[in-house]
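Colleague: The following file, final-v8.pdb, comprises PDB, C-alpha atoms:
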```
ATOM      1  CA  MET A   1       5.895 -10.169  30.835  1.00  0.00           C
ATOM      2  CA  ASN A   2       2.219 -10.600  31.656  1.00  0.00           C
ATOM      3  CA  LYS A   3      -0.307  -7.891  32.558  1.00  0.00           C
ATOM      4  CA  LYS A   4       0.098  -8.226  36.315  1.00  0.00           C
ATOM      5  CA  GLU A   5       3.895  -7.987  36.128  1.00  0.00           C
ATOM      6  CA  PHE A   6       3.723  -5.070  33.688  1.00  0.00           C
ATOM      7  CA  ILE A   7       1.293  -3.060  35.829  1.00  0.00           C
ATOM      8  CA  LYS A   8       3.423  -3.733  38.922  1.00  0.00           C
ATOM      9  CA  ALA A   9       6.592  -2.570  37.126  1.00  0.00           C
ATOM     10  CA  LEU A  10       4.804   0.474  35.719  1.00  0.00           C
ATOM     11  CA  SER A  11       3.529   1.317  39.192  1.00  0.00           C
ATOM     12  CA  LYS A  12       7.106   1.246  40.507  1.00  0.00           C
ATOM     13  CA  ALA A  13       8.313   3.413  37.612  1.00  0.00           C
ATOM     14  CA  LEU A  14       5.558   5.959  38.265  1.00  0.00           C
ATOM     15  CA  HIS A  15       5.878   5.861  42.069  1.00  0.00           C
ATOM     16  CA  ASP A  16       6.063   9.669  42.376  1.00  0.00           C
ATOM     17  CA  TYR A  17       3.900  10.596  39.376  1.00  0.00           C
ATOM     18  CA  GLU A  18       0.778  12.580  40.323  1.00  0.00           C
ATOM     19  CA  ASP A  19      -1.692  10.788  37.977  1.00  0.00           C
ATOM     20  CA  LYS A  20      -0.301   7.315  38.577  1.00  0.00           C
ATOM     21  CA  ASP A  21      -3.659   5.601  39.218  1.00  0.00           C
ATOM     22  CA  GLU A  22      -5.245   7.037  36.060  1.00  0.00           C
ATOM     23  CA  ILE A  23      -2.296   5.951  33.940  1.00  0.00           C
ATOM     24  CA  LEU A  24      -2.253   2.449  35.423  1.00  0.00           C
ATOM     25  CA  SER A  25      -5.981   2.141  34.785  1.00  0.00           C
ATOM     26  CA  TYR A  26      -5.494   3.358  31.211  1.00  0.00           C
ATOM     27  CA  TYR A  27      -2.823   0.730  30.484  1.00  0.00           C
ATOM     28  CA  GLU A  28      -4.895  -2.015  32.115  1.00  0.00           C
ATOM     29  CA  GLU A  29      -7.782  -1.127  29.771  1.00  0.00           C
ATOM     30  CA  LEU A  30      -5.446  -1.090  26.758  1.00  0.00           C
ATOM     31  CA  ILE A  31      -4.183  -4.563  27.586  1.00  0.00           C
ATOM     32  CA  ASP A  32      -7.697  -5.891  28.252  1.00  0.00           C
ATOM     33  CA  GLU A  33      -8.945  -4.520  24.921  1.00  0.00           C
ATOM     34  CA  ALA A  34      -5.995  -6.067  23.083  1.00  0.00           C
ATOM     35  CA  VAL A  35      -6.701  -9.454  24.661  1.00  0.00           C
ATOM     36  CA  LEU A  36     -10.397  -9.126  23.733  1.00  0.00           C
ATOM     37  CA  ASN A  37      -9.283  -8.482  20.156  1.00  0.00           C
ATOM     38  CA  GLU A  38      -7.418 -11.804  20.278  1.00  0.00           C
ATOM     39  CA  MET A  39      -3.938 -10.323  20.530  1.00  0.00           C
ATOM     40  CA  SER A  40      -1.389 -12.037  22.739  1.00  0.00           C
ATOM     41  CA  GLU A  41      -1.030 -10.262  26.088  1.00  0.00           C
ATOM     42  CA  GLU A  42       2.771 -10.603  26.095  1.00  0.00           C
ATOM     43  CA  THR A  43       3.111  -9.395  22.491  1.00  0.00           C
ATOM     44  CA  PHE A  44       0.976  -6.327  23.120  1.00  0.00           C
ATOM     45  CA  ILE A  45       2.844  -5.464  26.323  1.00  0.00           C
ATOM     46  CA  PHE A  46       6.140  -5.771  24.428  1.00  0.00           C
ATOM     47  CA  LYS A  47       4.827  -3.297  21.814  1.00  0.00           C
ATOM     48  CA  LEU A  48       3.885  -0.817  24.562  1.00  0.00           C
ATOM     49  CA  GLY A  49       7.497  -0.495  25.595  1.00  0.00           C
ATOM     50  CA  SER A  50       9.122  -0.744  28.968  1.00  0.00           C
ATOM     51  CA  PRO A  51       7.705   1.001  32.046  1.00  0.00           C
ATOM     52  CA  THR A  52      10.789   3.258  32.031  1.00  0.00           C
ATOM     53  CA  GLN A  53      10.119   4.300  28.423  1.00  0.00           C
ATOM     54  CA  ILE A  54       6.487   5.032  29.304  1.00  0.00           C
ATOM     55  CA  ARG A  55       7.610   7.176  32.247  1.00  0.00           C
ATOM     56  CA  GLU A  56       9.958   9.155  29.971  1.00  0.00           C
ATOM     57  CA  THR A  57       7.184   9.646  27.438  1.00  0.00           C
ATOM     58  CA  LEU A  58       4.871  10.936  30.150  1.00  0.00           C
ATOM     59  CA  LEU A  59       7.455  13.368  31.448  1.00  0.00           C
ATOM     60  CA  ASN A  60       8.307  14.687  27.966  1.00  0.00           C
ATOM     61  CA  ASP A  61       4.903  14.580  26.252  1.00  0.00           C
ATOM     62  CA  GLY A  62       2.197  16.824  27.775  1.00  0.00           C
ATOM     63  CA  SER A  63      -0.326  15.894  25.068  1.00  0.00           C
ATOM     64  CA  PHE A  64      -0.433  12.293  26.313  1.00  0.00           C
ATOM     65  CA  LYS A  65      -1.780  13.429  29.654  1.00  0.00           C
ATOM     66  CA  LYS A  66      -4.418  15.522  27.857  1.00  0.00           C
ATOM     67  CA  ARG A  67      -5.513  12.512  25.746  1.00  0.00           C
ATOM     68  CA  LEU A  68      -5.690  10.431  28.918  1.00  0.00           C
ATOM     69  CA  LYS A  69      -8.001  12.993  30.574  1.00  0.00           C
ATOM     70  CA  GLU A  70     -10.221  13.134  27.448  1.00  0.00           C
ATOM     71  CA  LYS A  71     -10.585   9.341  27.536  1.00  0.00           C
ATOM     72  CA  GLU A  72     -11.586   9.527  31.212  1.00  0.00           C
ATOM     73  CA  ASN A  73     -14.191  12.223  30.467  1.00  0.00           C
ATOM     74  CA  PHE A  74     -15.519  10.120  27.586  1.00  0.00           C
ATOM     75  CA  GLN A  75     -15.938   7.138  29.924  1.00  0.00           C
ATOM     76  CA  ILE A  76     -17.840   9.280  32.436  1.00  0.00           C
ATOM     77  CA  LYS A  77     -20.120  10.562  29.666  1.00  0.00           C
ATOM     78  CA  ARG A  78     -20.636   7.022  28.365  1.00  0.00           C
ATOM     79  CA  LEU A  79     -21.555   5.882  31.887  1.00  0.00           C
ATOM     80  CA  PHE A  80     -24.035   8.769  32.211  1.00  0.00           C
ATOM     81  CA  SER A  81     -25.519   7.966  28.803  1.00  0.00           C
ATOM     82  CA  THR A  82     -25.918   4.292  29.682  1.00  0.00           C
ATOM     83  CA  THR A  83     -27.523   5.150  33.026  1.00  0.00           C
ATOM     84  CA  ALA A  84     -29.932   7.609  31.378  1.00  0.00           C
ATOM     85  CA  LYS A  85     -30.893   4.996  28.766  1.00  0.00           C
ATOM     86  CA  LEU A  86     -31.480   2.370  31.445  1.00  0.00           C
ATOM     87  CA  PHE A  87     -33.612   4.762  33.493  1.00  0.00           C
ATOM     88  CA  SER A  88     -35.625   5.825  30.437  1.00  0.00           C
ATOM     89  CA  GLY A  89     -36.135   2.163  29.522  1.00  0.00           C
ATOM     90  CA  ILE A  90     -37.507   1.467  32.981  1.00  0.00           C
ATOM     91  CA  ILE A  91     -39.886   4.426  32.748  1.00  0.00           C
ATOM     92  CA  VAL A  92     -41.079   3.526  29.237  1.00  0.00           C
ATOM     93  CA  GLY A  93     -41.513  -0.091  30.300  1.00  0.00           C
ATOM     94  CA  PHE A  94     -43.499   0.907  33.378  1.00  0.00           C
ATOM     95  CA  VAL A  95     -45.792   3.174  31.355  1.00  0.00           C
ATOM     96  CA  ALA A  96     -46.261   0.421  28.756  1.00  0.00           C
ATOM     97  CA  ILE A  97     -47.200  -2.088  31.460  1.00  0.00           C
ATOM     98  CA  VAL A  98     -49.688   0.330  33.047  1.00  0.00           C
ATOM     99  CA  MET A  99     -51.235   1.110  29.654  1.00  0.00           C
ATOM    100  CA  GLY A 100     -51.385  -2.605  28.900  1.00  0.00           C
ATOM    101  CA  ILE A 101     -53.190  -3.292  32.171  1.00  0.00           C
ATOM    102  CA  VAL A 102     -55.672  -0.456  31.544  1.00  0.00           C
ATOM    103  CA  GLY A 103     -56.265  -1.633  27.977  1.00  0.00           C
ATOM    104  CA  PHE A 104     -56.688  -5.231  29.088  1.00  0.00           C
ATOM    105  CA  SER A 105     -59.163  -4.233  31.810  1.00  0.00           C
ATOM    106  CA  PHE A 106     -61.191  -2.234  29.259  1.00  0.00           C
ATOM    107  CA  VAL A 107     -61.238  -5.242  26.927  1.00  0.00           C
ATOM    108  CA  ILE A 108     -62.374  -7.600  29.702  1.00  0.00           C
ATOM    109  CA  GLY A 109     -64.902  -5.097  31.098  1.00  0.00           C
ATOM    110  CA  GLY A 110     -66.361  -4.276  27.694  1.00  0.00           C
ATOM    111  CA  LEU A 111     -66.488  -7.902  26.618  1.00  0.00           C
ATOM    112  CA  SER A 112     -68.144  -9.101  29.834  1.00  0.00           C
ATOM    113  CA  ASN A 113     -70.648  -6.215  29.763  1.00  0.00           C
ATOM    114  CA  SER A 114     -71.551  -6.924  26.126  1.00  0.00           C
ATOM    115  CA  VAL A 115     -71.935 -10.661  26.707  1.00  0.00           C
ATOM    116  CA  ALA A 116     -74.057 -10.071  29.825  1.00  0.00           C
ATOM    117  CA  ILE A 117     -76.369  -7.684  27.964  1.00  0.00           C
ATOM    118  CA  MET A 118     -76.725 -10.084  25.014  1.00  0.00           C
ATOM    119  CA  LEU A 119     -77.588 -12.920  27.390  1.00  0.00           C
ATOM    120  CA  ARG A 120     -80.167 -10.718  29.075  1.00  0.00           C
ATOM    121  CA  PHE A 121     -81.770 -10.081  25.678  1.00  0.00           C
ATOM    122  CA  ILE A 122     -81.892 -13.811  24.991  1.00  0.00           C
ATOM    123  CA  VAL A 123     -83.145 -14.905  28.406  1.00  0.00           C
ATOM    124  CA  ASN A 124     -85.476 -12.052  29.299  1.00  0.00           C
ATOM    125  CA  PHE A 125     -86.432  -9.752  26.445  1.00  0.00           C
ATOM    126  CA  PRO A 126     -87.455  -6.360  27.884  1.00  0.00           C
ATOM    127  CA  THR A 127     -91.117  -5.390  27.519  1.00  0.00           C
ATOM    128  CA  LYS A 128     -90.837  -1.719  28.396  1.00  0.00           C
ATOM    129  CA  ILE A 129     -89.215   0.703  25.951  1.00  0.00           C
ATOM    130  CA  GLU A 130     -87.201   2.457  28.695  1.00  0.00           C
ATOM    131  CA  VAL A 131     -85.642  -0.804  29.775  1.00  0.00           C
ATOM    132  CA  PHE A 132     -84.965  -1.704  26.152  1.00  0.00           C
ATOM    133  CA  PHE A 133     -83.081   1.577  25.521  1.00  0.00           C
ATOM    134  CA  PHE A 134     -81.172   1.213  28.787  1.00  0.00           C
ATOM    135  CA  ILE A 135     -80.040  -2.260  27.781  1.00  0.00           C
ATOM    136  CA  ILE A 136     -79.046  -1.041  24.299  1.00  0.00           C
ATOM    137  CA  SER A 137     -77.038   1.810  25.840  1.00  0.00           C
ATOM    138  CA  GLN A 138     -75.293  -0.696  28.117  1.00  0.00           C
ATOM    139  CA  LEU A 139     -74.463  -2.843  25.099  1.00  0.00           C
ATOM    140  CA  ILE A 140     -73.035   0.150  23.222  1.00  0.00           C
ATOM    141  CA  LEU A 141     -71.029   1.130  26.325  1.00  0.00           C
ATOM    142  CA  GLY A 142     -69.636  -2.395  26.558  1.00  0.00           C
ATOM    143  CA  ILE A 143     -68.657  -2.427  22.880  1.00  0.00           C
ATOM    144  CA  GLY A 144     -67.084   1.021  23.296  1.00  0.00           C
ATOM    145  CA  LEU A 145     -65.000  -0.145  26.257  1.00  0.00           C
ATOM    146  CA  LEU A 146     -63.954  -3.223  24.312  1.00  0.00           C
ATOM    147  CA  LEU A 147     -62.834  -1.145  21.310  1.00  0.00           C
ATOM    148  CA  LEU A 148     -61.093   1.405  23.543  1.00  0.00           C
ATOM    149  CA  GLY A 149     -59.192  -1.388  25.302  1.00  0.00           C
ATOM    150  CA  ILE A 150     -58.151  -2.929  21.986  1.00  0.00           C
ATOM    151  CA  GLY A 151     -56.984   0.496  20.794  1.00  0.00           C
ATOM    152  CA  ILE A 152     -54.912   1.098  23.935  1.00  0.00           C
ATOM    153  CA  LEU A 153     -53.319  -2.342  23.702  1.00  0.00           C
ATOM    154  CA  TRP A 154     -52.577  -1.918  19.992  1.00  0.00           C
ATOM    155  CA  TYR A 155     -51.047   1.547  20.539  1.00  0.00           C
ATOM    156  CA  THR A 156     -48.938   0.303  23.452  1.00  0.00           C
ATOM    157  CA  VAL A 157     -47.586  -2.694  21.569  1.00  0.00           C
ATOM    158  CA  ALA A 158     -46.985  -0.757  18.339  1.00  0.00           C
ATOM    159  CA  ASN A 159     -45.339   2.322  19.836  1.00  0.00           C
ATOM    160  CA  THR A 160     -43.408   1.307  22.961  1.00  0.00           C
ATOM    161  CA  LYS A 161     -40.259   0.400  21.018  1.00  0.00           C
ATOM    162  CA  ILE A 162     -40.525   3.532  18.858  1.00  0.00           C
ATOM    163  CA  ILE A 163     -40.907   5.786  21.898  1.00  0.00           C
ATOM    164  CA  PHE A 164     -37.944   4.114  23.614  1.00  0.00           C
ATOM    165  CA  MET A 165     -35.765   4.471  20.500  1.00  0.00           C
ATOM    166  CA  LYS A 166     -36.678   8.175  20.140  1.00  0.00           C
ATOM    167  CA  LEU A 167     -35.901   8.763  23.805  1.00  0.00           C
ATOM    168  CA  THR A 168     -32.526   7.038  23.640  1.00  0.00           C
ATOM    169  CA  GLY A 169     -31.780   8.882  20.388  1.00  0.00           C
ATOM    170  CA  LYS A 170     -32.409  12.175  22.160  1.00  0.00           C
ATOM    171  CA  ILE A 171     -30.079  11.107  24.967  1.00  0.00           C
ATOM    172  CA  ASP A 172     -27.368  10.221  22.423  1.00  0.00           C
ATOM    173  CA  SER A 173     -27.754  13.499  20.530  1.00  0.00           C
ATOM    174  CA  SER A 174     -27.633  15.430  23.806  1.00  0.00           C
ATOM    175  CA  MET A 175     -24.427  13.632  24.776  1.00  0.00           C
ATOM    176  CA  ASP A 176     -22.934  14.306  21.323  1.00  0.00           C
ATOM    177  CA  LYS A 177     -23.694  18.022  21.657  1.00  0.00           C
ATOM    178  CA  ARG A 178     -22.007  18.089  25.059  1.00  0.00           C
ATOM    179  CA  ARG A 179     -18.983  16.220  23.678  1.00  0.00           C
ATOM    180  CA  GLN A 180     -18.594  18.767  20.884  1.00  0.00           C
ATOM    181  CA  ALA A 181     -18.958  21.739  23.238  1.00  0.00           C
TER
END
```
Could you take the file, read its structure, and then write that structure out as structure tokens?
Modeller:
Amino acid sequence: MNKKEFIKALSKALHDYEDKDEILSYYEELIDEAVLNEMSEETFIFKLGSPTQIRETLLNDGSFKKRLKEKENFQIKRLFSTTAKLFSGIIVGFVAIVMGIVGFSFVIGGLSNSVAIMLRFIVNFPTKIEVFFFIISQLILGIGLLLLGIGILWYTVANTKIIFMKLTGKIDSSMDKRRQA
């Protein structure tokens, strides 16, 4: 018996069972996982037992239904955790891109300002002291912007992964606490 035939037969056996869809979904997942683990579909279905035996087990064993509900709640929590991680990754990535752009613009602005001031010194050396100090202050400002941009870029590259891992770790620990509660 293959998966499709088994699920169809199980559906007929559980025709009046209140949680029929959840149970069918559970058995479909079991079969899919077995196939992913390189077990023969037919062999695994044979080990599950007949749809009639499964119906009898469900009617006589209340703990099975409880385990089924816990698995469903776990899947919902796993979906929430995955969604939260994806959303946090998008936010961290966006912030990293913005910081990278700001850092890059500081590097370009500082570098161009410094080069322009140095060229001005070479081409037209200032004769007045006020102009000289203004040009020196512009050079220092340019170097400061350049260093600030390099610092922002370095921090962004070095810490983006760490920040993302801490954030996802907090999401996981929060989900673990909720699972235990």
Colleague: Near A:Ile162, within 12 Å and counting all atoms listed in the file, which residues show up once chain neighbours fewer than 6 positions away are dropped, as a list in words?
Modeller: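 The residues that qualify are Gly89, Val92, Ala96, Tyr155, Thr156, Thr168 and Gly169 of chain A.
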Colleague: Selection from above, C-alpha atoms, as a compact mmCIF listing (two decimals), in the coordinates of the input, can you write it?
Modeller:
```
# COMPACT_ATOMS: atom_id res chain seq x y z
CA GLY A 89 -36.14 2.16 29.52
CA VAL A 92 -41.08 3.53 29.24
CA ALA A 96 -46.26 0.42 28.76
CA TYR A 155 -51.05 1.55 20.54
CA THR A 156 -48.94 0.30 23.45
CA THR A 168 -32.53 7.04 23.64
CA GLY A 169 -31.78 8.88 20.39
```
Colleague: Could you name the residues that touch stretch 11-28 of chain A at 7 Å or less, counting only C-alpha atoms, but leaving out those on the same chain fewer than 5 positions away, as a list in words?
Modeller: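 In the requested format, the answer is Pro51, Thr52 and Arg55 of chain A.
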Colleague: I would like the residues chosen by the PyMOL selection byres ((chain A and resi 100) around 10) on the shown file; could you give them as a PyMOL selection string?
Modeller: chain A and resi 94-99+101-106+149-150+152-157
Colleague: Looking at all atoms listed in the file, which of A:Thr57, A:Ser88, A:Ser112, A:Thr127 is the one that sits closest to A:Gly142?
Modeller: A:Ser112
Colleague: Using only C-alpha atoms, find the one residue out of A:Pro126, A:Gly93, A:Ser114, A:Leu59 that sits nearest to A:Leu139.
Modeller: A:Ser114
Colleague: Kindly indicate which residue among A:Val107, A:Ala116, A:Met1, A:Ile31 lies nearest to A:Leu148, using only C-alpha atoms for the distances.
Modeller: A:Val107
Colleague: Using atom CA of A:Ser50 and atom CA of A:Val35 as the two end points, give the distance in Å to one decimal.
Modeller: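 Distance between the two atoms: 18.6 Å.
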Colleague: Rounded to one decimal in Å, what is the spacing between atom CA of A:Phe87 and atom CA of A:Leu30?
Modeller: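 About the pair atom CA of A:Phe87 and atom CA of A:Leu30: they are 29.5 Å apart.
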Colleague: May I have the residues within 10 Å of A:Ser137 as a PyMOL selection string, using only C-alpha atoms and disregarding those fewer than 6 positions away in the same chain?
Modeller: chain A and resi 117+131+143
Colleague: Return the single residue from A:Lys4, A:Leu58, A:Phe132, A:Phe164 that is closest to A:Ala84, with distances computed using only C-alpha atoms.
Modeller: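 Smallest separation from A:Ala84 among the options: A:Phe164.
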Colleague: Could you jot down the atom CA of A:Phe125 to atom CA of A:Asn113 separation for me, Å, one decimal place?
Modeller: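 Value for the atom CA of A:Phe125-atom CA of A:Asn113 distance: 16.5 Å.
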Colleague: Can you work out which one of A:Leu10, A:Glu33, A:Leu86, A:Phe121 has the shortest atom-to-atom distance to A:Met165, counting all atoms listed in the file?
Modeller: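 Closest to A:Met165, using all atoms listed in the file: A:Leu86.
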Colleague: Can you sort out stretch 141-168 of chain A so it carries N, CA and C atoms, written as a short mmCIF file (atom, residue, chain, number, x, y, z; two decimals), in the frame of the given file?
Modeller:
```
data_model
loop_
_atom_site.label_atom_id
_atom_site.label_comp_id
_atom_site.auth_asym_id
_atom_site.auth_seq_id
_atom_site.Cartn_x
_atom_site.Cartn_y
_atom_site.Cartn_z
N LEU A 141 -72.11 0.79 25.39
CA LEU A 141 -71.03 1.13 26.32
C LEU A 141 -70.03 -0.02 26.40
N GLY A 142 -70.52 -1.23 26.50
CA GLY A 142 -69.64 -2.40 26.56
C GLY A 142 -68.79 -2.53 25.31
N ILE A 143 -69.40 -2.35 24.14
CA ILE A 143 -68.66 -2.43 22.88
C ILE A 143 -67.64 -1.29 22.80
N GLY A 144 -68.02 -0.12 23.28
CA GLY A 144 -67.08 1.02 23.30
C GLY A 144 -65.88 0.76 24.18
N LEU A 145 -66.11 0.20 25.36
CA LEU A 145 -65.00 -0.14 26.26
C LEU A 145 -64.10 -1.20 25.63
N LEU A 146 -64.72 -2.18 24.98
CA LEU A 146 -63.95 -3.22 24.31
C LEU A 146 -63.06 -2.63 23.22
N LEU A 147 -63.62 -1.77 22.39
CA LEU A 147 -62.83 -1.14 21.31
C LEU A 147 -61.75 -0.21 21.87
N LEU A 148 -62.09 0.53 22.92
CA LEU A 148 -61.09 1.40 23.54
C LEU A 148 -59.94 0.58 24.11
N GLY A 149 -60.24 -0.52 24.77
CA GLY A 149 -59.19 -1.39 25.30
C GLY A 149 -58.32 -1.96 24.21
N ILE A 150 -58.93 -2.41 23.12
CA ILE A 150 -58.15 -2.93 21.99
C ILE A 150 -57.26 -1.84 21.41
N GLY A 151 -57.78 -0.62 21.31
CA GLY A 151 -56.98 0.50 20.79
C GLY A 151 -55.79 0.82 21.68
N ILE A 152 -56.00 0.82 23.00
CA ILE A 152 -54.91 1.10 23.94
C ILE A 152 -53.84 0.01 23.84
N LEU A 153 -54.29 -1.24 23.82
CA LEU A 153 -53.32 -2.34 23.70
C LEU A 153 -52.55 -2.27 22.39
N TRP A 154 -53.24 -2.01 21.30
CA TRP A 154 -52.58 -1.92 19.99
C TRP A 154 -51.55 -0.78 19.99
N TYR A 155 -51.95 0.39 20.50
CA TYR A 155 -51.05 1.55 20.54
C TYR A 155 -49.82 1.24 21.40
N THR A 156 -50.04 0.62 22.55
CA THR A 156 -48.94 0.30 23.45
C THR A 156 -47.95 -0.65 22.80
N VAL A 157 -48.46 -1.71 22.20
CA VAL A 157 -47.59 -2.69 21.57
C VAL A 157 -46.86 -2.09 20.37
N ALA A 158 -47.57 -1.31 19.57
CA ALA A 158 -46.98 -0.76 18.34
C ALA A 158 -45.97 0.36 18.60
N ASN A 159 -46.15 1.11 19.67
CA ASN A 159 -45.34 2.32 19.84
C ASN A 159 -44.33 2.31 20.97
N THR A 160 -44.34 1.32 21.84
CA THR A 160 -43.41 1.31 22.96
C THR A 160 -41.96 1.31 22.48
N LYS A 161 -41.63 0.45 21.53
CA LYS A 161 -40.26 0.40 21.02
C LYS A 161 -39.88 1.71 20.33
N ILE A 162 -40.80 2.27 19.57
CA ILE A 162 -40.52 3.53 18.86
C ILE A 162 -40.26 4.66 19.86
N ILE A 163 -41.08 4.74 20.88
CA ILE A 163 -40.91 5.79 21.90
C ILE A 163 -39.56 5.61 22.61
N PHE A 164 -39.22 4.38 22.95
CA PHE A 164 -37.94 4.11 23.61
C PHE A 164 -36.78 4.50 22.71
N MET A 165 -36.85 4.15 21.43
CA MET A 165 -35.76 4.47 20.50
C MET A 165 -35.63 5.99 20.32
N LYS A 166 -36.74 6.71 20.25
CA LYS A 166 -36.68 8.18 20.14
C LYS A 166 -36.04 8.77 21.39
N LEU A 167 -36.43 8.25 22.55
CA LEU A 167 -35.90 8.76 23.80
C LEU A 167 -34.40 8.52 23.91
N THR A 168 -33.96 7.32 23.57
CA THR A 168 -32.53 7.04 23.64
C THR A 168 -31.77 7.81 22.56
#
```
